[in-house]
file work.txt (compact mmCIF, C-alpha atoms)
# COMPACT_ATOMS: atom_id res chain seq x y z
CA VAL A 201 91.94 80.57 115.09
CA GLU A 202 92.32 84.32 114.97
CA ALA A 203 93.13 85.70 111.54
CA VAL A 204 93.40 89.47 111.61
CA PHE A 205 96.08 91.38 109.69
CA GLU A 206 99.75 91.18 110.69
CA ASP A 207 99.89 93.74 113.47
CA MET A 208 101.32 92.69 116.83
CA ASP A 209 99.41 95.26 118.90
CA THR A 210 96.10 94.18 117.39
CA LYS A 211 96.85 90.49 117.93
CA LYS A 212 97.91 91.08 121.53
CA LYS A 213 94.63 92.90 122.26
CA ILE A 214 92.64 90.06 120.72
CA PHE A 215 94.53 87.41 122.71
CA GLU A 216 94.04 89.34 125.94
CA LYS A 217 90.30 89.23 125.23
CA LEU A 218 90.34 85.58 124.12
CA ASP A 219 92.10 84.70 127.36
CA GLN A 220 89.18 86.24 129.25
CA VAL A 221 86.32 84.69 127.27
CA CYS A 222 87.55 81.26 126.12
CA LYS A 223 86.77 78.26 128.29
CA PRO A 224 89.63 76.65 130.21
CA GLY A 225 91.63 74.32 127.99
CA ALA A 226 90.61 76.02 124.74
CA PHE A 227 93.34 76.18 122.13
CA MET A 228 94.05 79.75 121.05
CA CYS A 229 95.75 79.94 117.68
CA THR A 230 96.91 82.83 115.55
CA ASN A 231 97.18 82.79 111.77
CA THR A 232 100.39 84.75 111.39
CA SER A 233 103.05 84.47 108.73
CA ALA A 234 105.86 86.03 110.74
CA LEU A 235 104.92 87.45 114.14
CA ASN A 236 106.52 86.06 117.29
CA ILE A 237 104.22 83.46 118.88
CA ASP A 238 105.79 83.88 122.32
CA THR A 239 104.99 87.59 122.33
CA ILE A 240 101.35 86.83 121.52
CA ALA A 241 101.17 83.97 124.05
CA GLY A 242 102.79 86.21 126.66
CA VAL A 243 99.66 88.34 127.04
CA THR A 244 97.66 85.28 128.15
CA LYS A 245 97.57 83.41 131.44
CA ARG A 246 97.82 80.11 129.50
CA PRO A 247 100.62 80.28 126.94
CA GLU A 248 100.70 76.48 126.84
CA PHE A 249 97.45 76.60 124.83
CA VAL A 250 98.73 79.12 122.25
CA LEU A 251 100.08 78.03 118.87
CA GLY A 252 100.71 79.70 115.54
CA THR A 253 98.70 78.31 112.63
CA HIS A 254 100.05 79.81 109.43
CA PHE A 255 97.69 79.05 106.55
CA PHE A 256 99.34 79.79 103.23
CA SER A 257 97.43 82.12 100.92
CA PRO A 258 95.22 81.57 99.19
CA ALA A 259 94.08 79.10 101.84
CA ASN A 260 91.50 77.51 99.54
CA VAL A 261 94.29 76.52 97.10
CA MET A 262 97.38 76.01 99.24
CA LYS A 263 97.52 72.87 101.37
CA LEU A 264 100.44 73.73 103.65
CA LEU A 265 99.69 74.60 107.26
CA GLU A 266 102.64 75.62 109.43
CA ASN A 267 101.90 74.92 113.08
CA VAL A 268 104.29 77.18 114.94
CA ARG A 269 105.45 76.01 118.34
CA GLY A 270 105.84 78.65 121.00
CA SER A 271 108.36 78.10 123.80
CA LYS A 272 105.51 77.17 126.18
CA SER A 273 103.15 75.40 123.74
CA SER A 274 102.16 72.09 125.32
CA ASP A 275 102.46 68.69 123.71
CA LEU A 276 98.64 68.44 123.90
CA THR A 277 98.22 71.72 122.01
CA ILE A 278 100.75 70.71 119.37
CA SER A 279 99.40 67.20 118.80
CA SER A 280 95.78 68.40 118.77
CA MET A 281 96.46 71.11 116.21
CA MET A 282 98.50 68.74 114.04
CA GLU A 283 95.53 66.35 113.99
CA TRP A 284 93.12 69.23 113.36
CA GLY A 285 95.22 70.23 110.35
CA ARG A 286 94.78 66.75 108.90
CA ILE A 287 91.04 66.80 109.62
CA ILE A 288 90.63 70.00 107.60
CA GLU A 289 92.65 68.39 104.80
CA LYS A 290 95.79 70.47 105.08
CA TRP A 291 99.39 69.29 105.18
CA PRO A 292 100.39 70.31 108.71
CA ILE A 293 104.06 70.65 109.58
CA LEU A 294 105.52 71.66 112.91
CA VAL A 295 107.99 74.55 112.81
CA GLY A 296 109.90 76.62 115.29
CA ASN A 297 109.14 80.19 116.27
CA CYS A 298 111.62 82.15 114.16
CA PRO A 299 111.40 85.03 111.66
CA GLY A 300 109.47 83.88 108.59
CA PHE A 301 109.03 80.35 109.97
CA VAL A 302 109.88 77.86 107.17
CA GLY A 303 107.55 78.62 104.27
CA ASN A 304 108.20 82.34 104.07
CA ARG A 305 111.94 81.74 104.20
CA MET A 306 111.60 79.57 101.10
CA ILE A 307 109.21 82.00 99.40
CA HIS A 308 111.71 84.78 100.04
CA PHE A 309 114.17 83.16 97.63
CA TYR A 310 111.53 81.81 95.23
CA GLY A 311 109.87 85.22 94.95
CA GLY A 312 113.21 86.99 94.76
CA GLN A 313 114.22 84.92 91.76
CA ALA A 314 110.84 85.55 90.12
CA ARG A 315 111.34 89.31 90.57
CA GLN A 316 114.87 89.05 89.21
CA MET A 317 113.57 87.26 86.09
CA LEU A 318 110.96 90.01 85.70
CA TYR A 319 113.66 92.65 86.05
CA GLU A 320 115.73 90.87 83.38
CA GLY A 321 112.83 90.98 80.91
CA ALA A 322 110.78 87.80 81.37
CA SER A 323 107.03 88.31 81.27
CA VAL A 324 104.77 87.77 84.26
CA GLN A 325 102.93 85.11 82.26
CA ASP A 326 106.12 83.22 81.40
CA ILE A 327 107.39 83.26 84.99
CA ASP A 328 104.11 81.98 86.41
CA ALA A 329 103.73 79.42 83.59
CA ALA A 330 107.18 78.01 84.40
CA ALA A 331 106.15 77.53 88.04
CA LEU A 332 102.89 75.85 87.01
CA ASN A 333 104.73 73.57 84.57
CA PHE A 334 107.09 72.64 87.39
CA GLY A 335 104.10 71.51 89.46
CA MET A 336 103.34 74.49 91.66
CA LYS A 337 99.65 75.23 92.28
CA MET A 338 100.17 78.90 91.49
CA GLY A 339 102.89 81.09 90.05
CA PRO A 340 104.90 83.32 92.39
CA LEU A 341 103.72 86.59 90.87
CA ALA A 342 100.05 85.55 90.79
CA MET A 343 100.40 84.46 94.42
CA SER A 344 101.95 87.79 95.42
CA ASP A 345 99.17 89.65 93.66
CA LEU A 346 96.43 87.56 95.25
CA VAL A 347 97.91 87.68 98.75
CA GLY A 348 98.35 91.42 98.43
CA LEU A 349 101.49 93.22 97.44
CA ASP A 350 100.93 95.53 100.39
CA LEU A 351 101.78 92.72 102.84
CA GLY A 352 105.33 92.49 101.56
CA ILE A 353 105.70 96.26 101.58
CA GLN A 354 104.37 96.47 105.16
CA ALA A 355 106.84 93.79 106.30
CA LYS A 356 109.73 95.64 104.65
CA LYS A 357 108.66 98.93 106.23
CA LYS A 358 108.51 97.34 109.70
CA ALA A 359 111.95 95.79 109.14
CA GLY A 360 113.33 99.12 107.92
CA THR A 361 114.28 97.69 104.51
CA TRP A 362 111.65 99.39 102.30
CA SER A 363 113.00 101.71 99.64
CA PRO A 364 110.49 103.09 97.12
CA GLU A 365 113.43 103.83 94.80
CA LYS A 366 114.34 100.13 94.69
CA VAL A 367 111.03 98.35 94.14
CA ILE A 368 112.52 95.26 92.46
CA ASP A 369 115.26 93.71 94.52
CA ASP A 370 116.49 90.35 95.70
CA ALA A 371 114.68 90.47 99.02

call {"tool": "encode", "arguments": {"input": "work.txt", "output": "structure tokens"}}
result
Amino acid sequence: VEAVFEDMDTKKKIFEKLDQVCKPGAFMCTNTSALNIDTIAGVTKRPEFVLGTHFFSPANVMKLLENVRGSKSSDLTISSMMEWGRIIEKWPILVGNCPGFVGNRMIHFYGGQARQMLYEGASVQDIDAAALNFGMKMGPLAMSDLVGLDLGIQAKKKAGTWSPEKVIDDA
């Protein structure tokens, strides 16, 4: 499982190299939270062995593992990585290859509401405490801080939606 930062050019270079050095039949997985799996798989000669494996951050706390099916991912690759997820004591789910997959689409709204509450005057501590009291392993603002606020900013810049004048918004 490759786990470099979210940059398509970097991941494509790594997968070109992995394709050269990995034994035949090796599963080649990328830990990405949003990048297109088919684009990454497309630089290999064996896209059927490529799968997205999105570990939620922080991986030592969060149990969810999104296994992201590419258009050419084989049944063997999918079933093997689902079983591997269980072996490493994660909660693997199979999702389609779409922007944000499933988890980040939910976090988009969850985090947006947390930012709105902050904007309206709630404290960081109260917002995160409410999430913990609800049963979440970590509050949304603590999670954003731990994951790295720069990741969200980088994603917005790449999407063309970053505005330094509007730091708190509903996105």

call {"tool": "closest_residue", "arguments": {"input": "work.txt", "among": "A:Lys337, A:Arg305, A:Lys357, A:Lys213", "to": "A:Val261", "atoms": "all atoms listed in the file"}}
result
A:Lys337

call {"tool": "atom_distance", "arguments": {"input": "work.txt", "atom1": "atom CA of A:Ala314", "atom2": "atom CA of A:Gly360"}}
result
22.5 Å

call {"tool": "residues_near_point", "arguments": {"input": "work.txt", "point": "(93.7, 86.3, 116.1)", "cutoff": "6 Å", "atoms": "only C-alpha atoms", "output": "PyMOL selection string"}}
result
chain A and resi 202-204+211+230

call {"tool": "residues_around", "arguments": {"input": "work.txt", "residues": "A:Lys358", "least_positions_apart": "5", "cutoff": "12 Å", "atoms": "only C-alpha atoms", "output": "ChimeraX atom specification"}}
result
/A:206-208,234-235,351-353,363

call {"tool": "write_last_selection", "arguments": {"input": "work.txt", "atoms": "C-alpha atoms", "output": "CSV table (one decimal), keeping the file's coordinate frame"}}
result
chain,number,residue,atom,x,y,z
A,206,GLU,CA,99.8,91.2,110.7
A,207,ASP,CA,99.9,93.7,113.5
A,208,MET,CA,101.3,92.7,116.8
A,234,ALA,CA,105.9,86.0,110.7
A,235,LEU,CA,104.9,87.4,114.1
A,351,LEU,CA,101.8,92.7,102.8
A,352,GLY,CA,105.3,92.5,101.6
A,353,ILE,CA,105.7,96.3,101.6
A,363,SER,CA,113.0,101.7,99.6

call {"tool": "residues_around", "arguments": {"input": "work.txt", "residues": "stretch 317-326 of chain A", "least_positions_apart": "3", "cutoff": "9 Å", "atoms": "all atoms listed in the file", "output": "VMD selection string"}}
result
chain A and resid 312 to 314 329 to 331 339 341 to 342 368 to 369

call {"tool": "atom_distance", "arguments": {"input": "work.txt", "atom1": "atom CA of A:Leu349", "atom2": "atom CA of A:Val295"}}
result
25.0 Å

call {"tool": "residues_around", "arguments": {"input": "work.txt", "residues": "A:Gly303", "least_positions_apart": "4", "cutoff": "12 Å", "atoms": "only C-alpha atoms", "output": "ChimeraX atom specification"}}
result
/A:232-234,254-257,262-268,292-296,298-299,307-311

call {"tool": "write_last_selection", "arguments": {"input": "work.txt", "atoms": "C-alpha atoms", "output": "CSV table (one decimal), in the coordinates of the input"}}
result
chain,number,residue,atom,x,y,z
A,232,THR,CA,100.4,84.8,111.4
A,233,SER,CA,103.0,84.5,108.7
A,234,ALA,CA,105.9,86.0,110.7
A,254,HIS,CA,100.0,79.8,109.4
A,255,PHE,CA,97.7,79.0,106.6
A,256,PHE,CA,99.3,79.8,103.2
A,257,SER,CA,97.4,82.1,100.9
A,262,MET,CA,97.4,76.0,99.2
A,263,LYS,CA,97.5,72.9,101.4
A,264,LEU,CA,100.4,73.7,103.6
A,265,LEU,CA,99.7,74.6,107.3
A,266,GLU,CA,102.6,75.6,109.4
A,267,ASN,CA,101.9,74.9,113.1
A,268,VAL,CA,104.3,77.2,114.9
A,292,PRO,CA,100.4,70.3,108.7
A,293,ILE,CA,104.1,70.6,109.6
A,294,LEU,CA,105.5,71.7,112.9
A,295,VAL,CA,108.0,74.6,112.8
A,296,GLY,CA,109.9,76.6,115.3
A,298,CYS,CA,111.6,82.2,114.2
A,299,PRO,CA,111.4,85.0,111.7
A,307,ILE,CA,109.2,82.0,99.4
A,308,HIS,CA,111.7,84.8,100.0
A,309,PHE,CA,114.2,83.2,97.6
A,310,TYR,CA,111.5,81.8,95.2
A,311,GLY,CA,109.9,85.2,95.0

call {"tool": "residues_around", "arguments": {"input": "work.txt", "residues": "A:Ile240", "least_positions_apart": "5", "cutoff": "10 Å", "atoms": "all atoms listed in the file", "output": "ChimeraX atom specification"}}
result
/A:208-216,229-230,235,247,250-252,270

call {"tool": "closest_residue", "arguments": {"input": "work.txt", "among": "A:Ile327, A:Leu218, A:Ala226, A:Gly285", "to": "A:Thr244", "atoms": "all atoms listed in the file"}}
result
A:Leu218

call {"tool": "atom_distance", "arguments": {"input": "work.txt", "atom1": "atom CA of A:Met336", "atom2": "atom CA of A:Ile278"}}
result
28.1 Å

call {"tool": "closest_residue", "arguments": {"input": "work.txt", "among": "A:Lys245, A:Lys223, A:Lys290, A:Lys272", "to": "A:Asn260", "atoms": "all atoms listed in the file"}}
result
A:Lys290

call {"tool": "closest_residue", "arguments": {"input": "work.txt", "among": "A:Asn231, A:Met306, A:Ala355, A:Phe249", "to": "A:Ser279", "atoms": "only C-alpha atoms"}}
result
A:Phe249

call {"tool": "build_atoms", "arguments": {"input": "work.txt", "residues": "stretch 227-249 of chain A", "atoms": "N, CA, C and O atoms", "output": "compact mmCIF listing (two decimals), in the coordinates of the input"}}
result
# COMPACT_ATOMS: atom_id res chain seq x y z
N PHE A 227 92.14 75.84 122.89
CA PHE A 227 93.34 76.18 122.13
C PHE A 227 93.13 77.55 121.51
O PHE A 227 92.08 77.83 120.93
N MET A 228 94.13 78.40 121.61
CA MET A 228 94.05 79.75 121.05
C MET A 228 95.17 79.88 120.02
O MET A 228 96.35 79.89 120.37
N CYS A 229 94.78 79.94 118.76
CA CYS A 229 95.75 79.94 117.68
C CYS A 229 95.68 81.24 116.90
O CYS A 229 94.62 81.85 116.77
N THR A 230 96.83 81.62 116.37
CA THR A 230 96.91 82.83 115.55
C THR A 230 97.41 82.47 114.16
O THR A 230 98.38 81.74 114.02
N ASN A 231 96.73 82.97 113.15
CA ASN A 231 97.18 82.79 111.77
C ASN A 231 98.12 83.95 111.45
O ASN A 231 97.68 85.01 111.06
N THR A 232 99.39 83.73 111.70
CA THR A 232 100.39 84.75 111.39
C THR A 232 101.45 84.14 110.49
O THR A 232 101.74 82.95 110.59
N SER A 233 102.01 84.96 109.63
CA SER A 233 103.05 84.47 108.73
C SER A 233 104.44 84.82 109.24
O SER A 233 105.43 84.36 108.68
N ALA A 234 104.53 85.63 110.30
CA ALA A 234 105.86 86.03 110.74
C ALA A 234 105.95 86.53 112.18
O ALA A 234 107.06 86.65 112.69
N LEU A 235 104.85 86.84 112.81
CA LEU A 235 104.92 87.45 114.14
C LEU A 235 105.33 86.42 115.20
O LEU A 235 105.02 85.24 115.11
N ASN A 236 105.99 86.90 116.23
CA ASN A 236 106.52 86.06 117.29
C ASN A 236 105.38 85.47 118.14
O ASN A 236 104.63 86.21 118.78
N ILE A 237 105.28 84.15 118.15
CA ILE A 237 104.22 83.46 118.88
C ILE A 237 104.37 83.67 120.38
O ILE A 237 103.37 83.84 121.09
N ASP A 238 105.59 83.69 120.89
CA ASP A 238 105.79 83.88 122.32
C ASP A 238 105.32 85.24 122.79
O ASP A 238 104.80 85.37 123.91
N THR A 239 105.47 86.25 121.96
CA THR A 239 104.99 87.59 122.33
C THR A 239 103.47 87.59 122.43
O THR A 239 102.91 88.18 123.36
N ILE A 240 102.81 86.92 121.50
CA ILE A 240 101.35 86.83 121.52
C ILE A 240 100.90 86.00 122.73
O ILE A 240 100.01 86.40 123.48
N ALA A 241 101.53 84.85 122.92
CA ALA A 241 101.17 83.97 124.05
C ALA A 241 101.43 84.65 125.38
O ALA A 241 100.73 84.38 126.37
N GLY A 242 102.41 85.54 125.42
CA GLY A 242 102.79 86.21 126.66
C GLY A 242 101.74 87.11 127.25
O GLY A 242 101.84 87.47 128.43
N VAL A 243 100.73 87.49 126.49
CA VAL A 243 99.66 88.34 127.04
C VAL A 243 98.53 87.50 127.63
O VAL A 243 97.56 88.05 128.14
N THR A 244 98.67 86.17 127.58
CA THR A 244 97.66 85.28 128.15
C THR A 244 98.15 84.68 129.46
O THR A 244 99.35 84.68 129.74
N LYS A 245 97.22 84.11 130.21
CA LYS A 245 97.57 83.41 131.44
C LYS A 245 97.80 81.92 131.16
O LYS A 245 98.08 81.16 132.07
N ARG A 246 97.67 81.52 129.88
CA ARG A 246 97.82 80.11 129.50
C ARG A 246 98.57 79.95 128.18
O ARG A 246 98.02 79.46 127.20
N PRO A 247 99.83 80.36 128.17
CA PRO A 247 100.62 80.28 126.94
C PRO A 247 100.79 78.86 126.42
O PRO A 247 101.09 78.67 125.24
N GLU A 248 100.58 77.87 127.28
CA GLU A 248 100.70 76.48 126.84
C GLU A 248 99.61 76.09 125.84
O GLU A 248 99.74 75.10 125.12
N PHE A 249 98.54 76.88 125.76
CA PHE A 249 97.45 76.60 124.83
C PHE A 249 97.50 77.49 123.58
O PHE A 249 96.56 77.52 122.79
